[in-house]
Every structure is written in C-alpha cells, then in structure tokens.
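Following: one structure in structure tokens, then a few remarks.
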Amino acid sequence: MKFNLADVVETVASAVPDRVALTYEDVELTYGQLDAEANRTAHHLAQSGIAAGEHVALFLKNSVEHVTSILGLIKIRAVPINVNYRYTPAELEYIFTNSDSAAVIVELPEHQRTLAALLGSCPLVRTVFVVGETVDELRDAAQERGVSVVAFADAREQSPAADFPTRSGDDLYLLYTGGTTGYPKGVMWRQDDFFRKPLSGGNPYGDEPRQDLAEVAAAAKEFPELAFLIAAPLMHGAALYSLFTFFTLGARVVLRRDFEPKAVVESIEKDRVQVILIVGDGMGLPLVDELERRQGEVDYSSLFSITSGGAIWSTAVRDRMLAVKPDLLLRDNFGASESGNDGAFTIDEAGTLRMPPSPSKVLVDERLNEIEPGSDEIGYIARIGNVPLGYYKDEEKTARTFPTRSDGTRLSVLGDMGRVEADGTIVFLGRGSQCINTGGEKVFAEEVEAALHAHPSISDALVVPVPDPRMGQQVAAVIATYPDAPELTLEVVQEHCRETLAGYKVPRSIVVVDEVKRTPAGKADYRWATETAAS
C-alpha cells in the first residue's frame with residue numbers, strides 16, 4: 001500500500017489513545033488528546049480557506065501549536081512549510097515567496113512585526129493565523145494589504161472528529177533545507193516515500209518496513225512507552241523526521257521551547273527521558289558541558305541513548321559523554337533533507353566514519369558509474385530508491401542532485417564524498433562543498449573540525465577555505481573558546497592538530513570569536529565563517 005502520514009498518525013492514535021504522545025514544558029497530551037487537537041486545527045484551517053495542496057508557512061518555535069499545525073495541515077492534504085525563525089527578513093521573504101505560501105502561522109510578537117513588514121512583498125499570502133495576541137503592526141499591515149488575520153485559538157471551537165476526505169500516499173510533503181551554503185531549497189517528498197525513507201518504513205529498529213496500517217497499529221501497541229527528547233527545533237529536518245518516527249512508534253515525544261542545555265539535562269530526571277536527539281557538535285558540545293557540570297546532582301539513570309543527525313558529531317564530544325555515563329548507546333545517523341535516514345555511522349579509534357553495506361547506498365564517480373569496492377578512488381555517495389521528486393521550482397538543481405542513470409534508476413547525489421572498501425562498507429570523508437583544495441590536496445572541513453573540538457579550550461569551531469596565492473586555498477579555522485580557557489594561539493592549535501592530522505590539513509590561520517554562529521538547529525553557518533575568516 002501507499003502510506004499517508006496523517007493516516008499513519010491517526011492509526012497509532014486509535015491503537016494507543018491513552019498513551020502519552022507529547023510532553024511540552026508542563027503540558028502532557030495523550031495520543032487521543034493530541035489527535036483531537038490536531039483535528040480541531042485541521043477544521044479551523046479548512047474553514048479559514050486553506051485547501052488541499054496549498055502551502056502554509058510555519059513561522060514558529062517549538063510548541064504544542066507547532067505540532068498540531070503540522071498534523072492539522074496534512075490531515076486536510078495541505079502542505080506545511082518549515083521556516084527558520086532566525087532568518088533575516090530577506091531570507092524569510094524568499095521562503096514565503098519561493099514556497100508559494102498561501103498562509104503563515106506565526107506566534108512571537110517580534111516575528112509578527114517582521115512578517116508585517118514583509119506582507120507587501122508576499123502577494124500570495126492571503127491569511128495569517130496568529131497564536132496568542134496579534135500585534136498592532138501586523139493587524140495594520142494585513143488590513144492595508146487585504147490579508148485576513150485569524151486567531152489560532154479559535155480552533156478550540158471546532159469539531160474534534162476525524163471526518164476528512166480520503167488522502168493519498170502521493171500527497172506532498174515539502175521540506176526546506178538548512179541553507180548552510182546558500183538559499184534553502186524545498187525538497188519535494190511523496191508522503192509514501194517520506195514514510196519509507198526518512199521514517200524507515202515505520203520500523204527504525206528492525207529490518208523490514210511495515211506493510212500496512214494494521215501492522216503499524218500492532219507494532220505501536222507492542223512498542224515500550226519510551227520518552228524521546230527532541231532537542232532540535234521542529235523547523236529542522238532531523239527534528240521533523242524524529243517527530244514522525246516516534247509518533248509512528250507510539251512513543252512519547254518530549255519537546256522544549258528552545259535548546260537550553262540546562263533545561264534538557266533537568267528534563268532527563270523530570271521527564272524520565274530515555275533518548276535525546278541532538279544535531280552534531282553544535283548541540284553536543286554545550287550539552288556535554290552541562291552533563292559534566294550536573295553529574296551527581298541530576299539523576300541520569302533513565303537515559304540510555306543519545307542520537308545525533310544532520311551534522312558532524314566528533315569523537316571528542318562522544319568520549320566526554322561516555323565519561324559521564326559509560327553505558328550510553330551513542331548513535332550517529334547519516335541522512336539529509338534530500339535523502340532521509342541512511343542509517344547509522346560506526347566510528348573507529350582514528351575517528352573514521354563508516355557506513356555498513358546497503359543496497360540503498362552506492363559510491364559513484366562524476367559520470368554516475370558505480371565505483372568498484374576496494375578501489376582507492378574517491379567518489380560521491382548516492383542514494384537509490386524512495387528519493388524525493390526534486391527541488392520545488394528548481395529544475396536545474398533537481399537535475400543535478402537527483403539525476404537519472406541510463407538504466408532509469410533515480411539517484412540522490414548530495415556531494416557527500418567517500419570511498420568504498422572491499423566488503424562494500426562506505427568510508428565517509430565529508431561534504432564536497434566543504435572540501436578545501438590546498439596545493440592539490442583535498443581537505444574535508446568536517447575532519448579538521450573534529451580534531452579542533454578535541455582541544456580542551458575550544459568550545460566550537462568551523463573550518464573554511466581562504467585564498468592563498470601559492471596553494472590556491474589554505475585551511476582556516478573560526479574558533480570559540482570556553483570562558484576560563486587560556487589564550488589560544490595559532491601555534492597551540494597547530495601543535496594540537498598535528499597529533500591526528502596530516503600536515504596539509506592543519507589550519508594555517510585562525511580567527512577567535514566570542515561565539516561560532518550556527519542555526520537554531522546547530523547547523524554550521526559556513527557563509528558567515530568564510531566571511532569571518534577572510535576578514
């Protein structure tokens with residue numbers, strides 16, 4: 001069968017209605033309660049004019065309303081658009097217009113004011129749903145533009161019944177990328193492909209995907225009542241994948257308004273959290289700092305796993321987590337907005353990342369020919385099967401990222417580079433777009449960043465190329481240090497890096513900043529780092 005995400009969530013809600021589905025701050029909702037709230041939201045959106053197939057931008061931080069908006073929209077076959085709430089006005093305008101959003105759901109007063117200033121540049125936006133009180137600036141701008149302002153809270157007056165039209169596995173889910181190296185792109189997923197790839201067919205801890213909704217229901221009833229804390233914001237692909245994955249399993253999702261390491265650590269004891277999802281070192285470093293500070297003060301006994309996805313998670317940070325709690329299961333997921341969940345990395349003592357052989361992943365050269373296992377040739381990691389339809393309104397980038405081979409096989413080729421060992425294991429080297437060519441030698445930024453994160457004085461770091469008249473490019477690092485750390489010099493950094501890196505990979509320059517800029521989800525901002533290093 002073809003799976004629709006709303007059908008899957010409703011199936012689980014019917015199977016385990018009394019199980020807690022969502023813990024947000026001090027609010028708890030069972031699956032039955034959450035599904036009813038999502039139904040009310042869906043009816044409210046539909047009665048306010050949102051039709052099947054229309055796009056609605058979610059300009060929201062984590063909240064119950066964010067979750068019910070996502071679920072409510074897919075229930076009426078509309079399309080949620082994830083919005084990075086820290087974007088500049090120009091970037092926000094791009095998202096609203098590029099996505100052809102007919103409506104925006106917004107909450108915070110400062111976000112409302114930003115939206116008010118952009119309404120004149122977003123001709124397709126005809127409705128704004130406001131969570132909480134509407135600020136005067138938004139009300140005035142909407143009236144001038146003829147845009148309707150609707151109170152989100154009016155959804156409480158709607159029916160909780162699930163009386164919706166029949167849905168399809170071909171319904172669209174549009175997921176905007178993080179935009180770490182350029183403007184974000186909307187990745188178009190068929191919901192059936194979304195279920196089978198990002199959600200691992202509803203069975204992330206097993207080998208075989210679920211075959212139908214009856215099997216989804218039976219599995220949810222059998223799944224233990226585990227608590228998964230998603231530390232990332234829901235506008236991030238890894239967080240969305242996790243939200244739907246855990247709802248498919250019938251687990252309890254724990255959400256926080258913002259990523260605050262202190263609150264996350266306290267939630268371990270308070271909410272009996274068993275698994276925490278982070279996004280690489282951007283979240284892992286401040287989290288392990290807090291875990292170390294609160295050791296012996298907070299009860300960590302319920303926590304058995306920390307999972308990362310969407311960014312590099314260095315060995316140094318993992319080792320510190322294991323020093324706090326040696327029995328932790330650390331899982332590093334490999335995936336992207338354009339590929340979904342590709343499985344977990346393993347890591348050796350040298351910090352090399354490996355992915356076990358899989359029929360859904362191959363290594364290809366620039367002509368998309370598969371590279372023979374055991375070859376020393378570096379190639380591109382390509383995904384096969386259940387790949388997205390492409391990028392929204394961008395045929396050129398779609399053709400480049402989702403090419404079709406001569407045999408008709410569609411691939412997802414994102415620029416992740418590696419080599420394939422004799423047994424089919426793929427060794428991950430790094431993202432090609434972050435590859436630095438210094439005198440003909442290739443340096444992958446992620447490898448150097450991992451080495452920097454192992455230094456006890458460095459709280460965060462990004463590595464980028466800067467021009468070099470002789471070598472073409474040289475390796476540069478933008479570094480932040482801990483408050484009480486001694487002054488960090490280039491010589492000290494270089495000496496540290498030479499312990500694990502070849503000489504040509506060692507940074508030739510550093511810039512020490514108060515804070516390394518990242519997105520709210522912990523993703524690297526390489527544009528900012530390049531500008532900072534060049535200056």
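Labels used: A, B, ... for chains in the order of the structure tokens, numbers from 1 for residues in each chain, and numbers from 1 for ligands as shown.
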Backbone-only DSSP, strand (DSSP E or B) members of stretch 245-347 of chain A, as a ChimeraX atom specification: /A:252-255,275-278,295,298,305-309,329-336,340-347
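Excluding A:Leu119 itself and same-chain residues fewer than 4 positions from it, the residues having an atom within 9 Å of it are Glu93, Leu115, Pro123, Val125, Leu138, Ala141, Ala142, Arg145 and Val147 of chain A, counting only C-alpha atoms.
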Please give the complete set of residues from stretch 6-187 of chain A that DSSP, run on the backbone, assigns to helix (DSSP H, G or I), formatted as a VMD selection string. chain A and resid 6 to 15 31 to 47 64 to 75 89 to 98 109 to 121 136 to 145 152 to 157
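Take the candidates A:Val27, A:Leu229, A:Leu45, A:Leu462 and check each one against A:Phe152 using only C-alpha atoms; the shortest distance goes to A:Leu45.
The residue that comes closest to A:Ala52, out of A:Thr177, A:Gln33, A:Thr166, A:Gln158 and on the basis of only C-alpha atoms, is A:Thr166.
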Problem - Distance query A:Val273 at most 8 Å, only C-alpha atoms, self and fewer than 6 positions along chain excluded, as a PyMOL selection string - result: chain A and resi 226-229+254+267+302-303
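Nearest-residue note for A:Ala6: choosing from A:Ser360, A:Asn369, A:Thr97, A:Thr68, the minimum distance belongs to A:Thr68, counting only C-alpha atoms.
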Practice prompt. Extract, using only C-alpha atoms, all DNA, RNA and protein residues at most 6 Å from stretch 188-200 of chain A, discarding same-chain residues fewer than 5 positions from it, and format them as a PyMOL selection string.
Written response: chain A and resi 2-4+169-174+241+245+340-341+386+388-391
With distances taken over only C-alpha atoms, the candidate from A:Gly146, A:Gly178, A:Pro89, A:Gly374 nearest A:Arg518 is A:Gly178
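Among A:Ala399, A:Val265, A:Leu58, A:Ile426, the residue with the shortest atom-to-atom distance to A:Asp376, counting only C-alpha atoms, is A:Ile426.
You can rank A:Ser305, A:Ala116, A:Arg167, A:Arg19 by their closest distance to A:Leu329 using only C-alpha atoms, and at the top of that list sits A:Ser305.
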